[in-house]
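> Okay, handing you the structure first.
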Amino acid sequence: MLAATGGVNTQKGLVFLLGIMAGAAGWLSGQKRPVTAEDVLQAAGQMVTGIVERELISAAQKPAELLTAGEKLYIKYGITGIRGELAQGLPAVKNQALPALRQGLDRGLSINDALVQTLLILMTCVDDTTVMHRHDPDKMRVWVRQQVQGVLATGGMTTAEGKIKCEELDAEFIKHNVSPGGVADLLAVTWFLHRL
């Protein structure tokens, strides 16, 4: 993957996350246990017990040129990123994204619009390390969240005005080189779990 992208970390987090989700779902199925979204999230959290300690705390011992973006953010700011989220059973997916997606679909939103609305909601509650790596934690925690809250205040994908604001937000993110790839990975996991 890195060779094909010229060293860009495209999809590394998604492969990691969906691999864990598929493994947890397969394990539950093999154990003849329920394979609900909630059960998969709980099993996934159990599968990675100690991942922060094993992979991030020990990262301080690595040469700087071998550190991943996530490891650098942990060392500098204490941000545990997707490893920390996963170790907790992806609470943003369980408590925010899945309910938002289900509510959007129940309200008659198209799949696309329900997913975009869910993506916006995830941006308000997740520390996206893709954004933080390109900028700094405040870009995600302050600027991005303020922008997204403004779109959600107009209804997001549930209103015509909100859809226009969402398109404007997309252009603003491109202008500022803000690419919430970590949140997009969580959105893919949300869709996987919903379809499961």
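Residue numbering restarts at 1 for every chain of the structure tokens, chains are lettered A, B, ... in their displayed order, and ligands are numbered from 1 as they appear.
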Please list as JSON, numbers by chain every residue within 7 Å of stretch 130-140 of chain A, counting only C-alpha atoms and excluding residues in the same chain fewer than 4 positions away.

{"A": [69, 144, 145, 178, 179, 180, 181, 182]}

> Per residue of stretch 49-93 of chain A within 9 Å of stretch 32-41 of chain A, what are the shortest atom pair and its distance in Å to one decimal, counting only C-alpha atoms, with rows by chain and residue number, as CSV?


```
residue,atom,partner,partner_atom,distance
A:Leu86,CA,A:Leu41,CA,8.3
A:Gln88,CA,A:Leu41,CA,8.9
A:Gly89,CA,A:Leu41,CA,5.1
A:Leu90,CA,A:Leu41,CA,6.6
A:Pro91,CA,A:Leu41,CA,8.6
A:Val93,CA,A:Leu41,CA,8.7
```

> If you keep all heavy atoms, can you produce a file of those selected residues as a tab-separated table (two decimals), in the first residue's frame?


```tsv
chain	number	residue	atom	x	y	z
A	86	LEU	N	-10.48	2.26	20.12
A	86	LEU	CA	-10.78	0.84	19.96
A	86	LEU	C	-10.69	0.10	21.29
A	86	LEU	O	-11.52	-0.77	21.59
A	86	LEU	CB	-9.83	0.23	18.93
A	86	LEU	CG	-10.17	-1.16	18.42
A	86	LEU	CD1	-11.59	-1.23	17.87
A	86	LEU	CD2	-9.18	-1.57	17.34
A	88	GLN	N	-11.48	1.13	24.04
A	88	GLN	CA	-12.70	1.44	24.80
A	88	GLN	C	-13.96	0.89	24.12
A	88	GLN	O	-15.07	1.14	24.57
A	88	GLN	CB	-12.83	2.95	24.95
A	88	GLN	CG	-11.74	3.60	25.76
A	88	GLN	CD	-11.90	5.11	25.75
A	88	GLN	OE1	-12.99	5.64	25.97
A	88	GLN	NE2	-10.82	5.82	25.47
A	89	GLY	N	-13.79	0.17	23.01
A	89	GLY	CA	-14.94	-0.37	22.29
A	89	GLY	C	-15.61	0.62	21.37
A	89	GLY	O	-16.79	0.52	21.08
A	90	LEU	N	-14.83	1.59	20.86
A	90	LEU	CA	-15.33	2.62	19.94
A	90	LEU	C	-16.60	3.31	20.46
A	90	LEU	O	-17.66	3.25	19.84
A	90	LEU	CB	-15.56	2.05	18.54
A	90	LEU	CG	-14.34	1.50	17.82
A	90	LEU	CD1	-14.73	0.92	16.46
A	90	LEU	CD2	-13.27	2.56	17.63
A	91	PRO	N	-16.50	4.02	21.59
A	91	PRO	CA	-17.69	4.66	22.15
A	91	PRO	C	-18.33	5.68	21.21
A	91	PRO	O	-19.55	5.84	21.23
A	91	PRO	CB	-17.17	5.33	23.42
A	91	PRO	CG	-15.70	5.42	23.26
A	91	PRO	CD	-15.30	4.27	22.38
A	93	VAL	N	-18.63	5.45	18.01
A	93	VAL	CA	-19.44	4.69	17.07
A	93	VAL	C	-20.70	4.18	17.77
A	93	VAL	O	-21.82	4.35	17.27
A	93	VAL	CB	-18.64	3.52	16.46
A	93	VAL	CG1	-19.55	2.58	15.67
A	93	VAL	CG2	-17.52	4.05	15.57
```

> Rank A:Asn177, A:Asn112, A:Thr154, A:Gln149 by their smallest atom-to-atom distance to A:Thr124, using only C-alpha atoms, and report the top residue only.

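Selected residue with least distance to A:Thr124: A:Gln149.
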
> Would you mind telling me which residue in A:Ile51, A:Ala44, A:Met1, A:Val148 lies nearest to A:Gly19 when using only C-alpha atoms?

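For A:Gly19, the nearest of the given residues is A:Ala44.
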
> Could you tell me which of A:Leu56, A:Ile82, A:Met157, A:Leu2 comes closest to A:Gly104 if we count only C-alpha atoms?

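Among the listed residues, the smallest separation from A:Gly104 belongs to A:Met157.
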
> Please give the complete set of residues from stretch 14-87 of chain A that DSSP, run on the backbone, assigns to helix (DSSP H, G or I), formatted as an NGL selection string.

:A and (14-30 or 37-47 or 51-61 or 64-66 or 69-77 or 81-87)
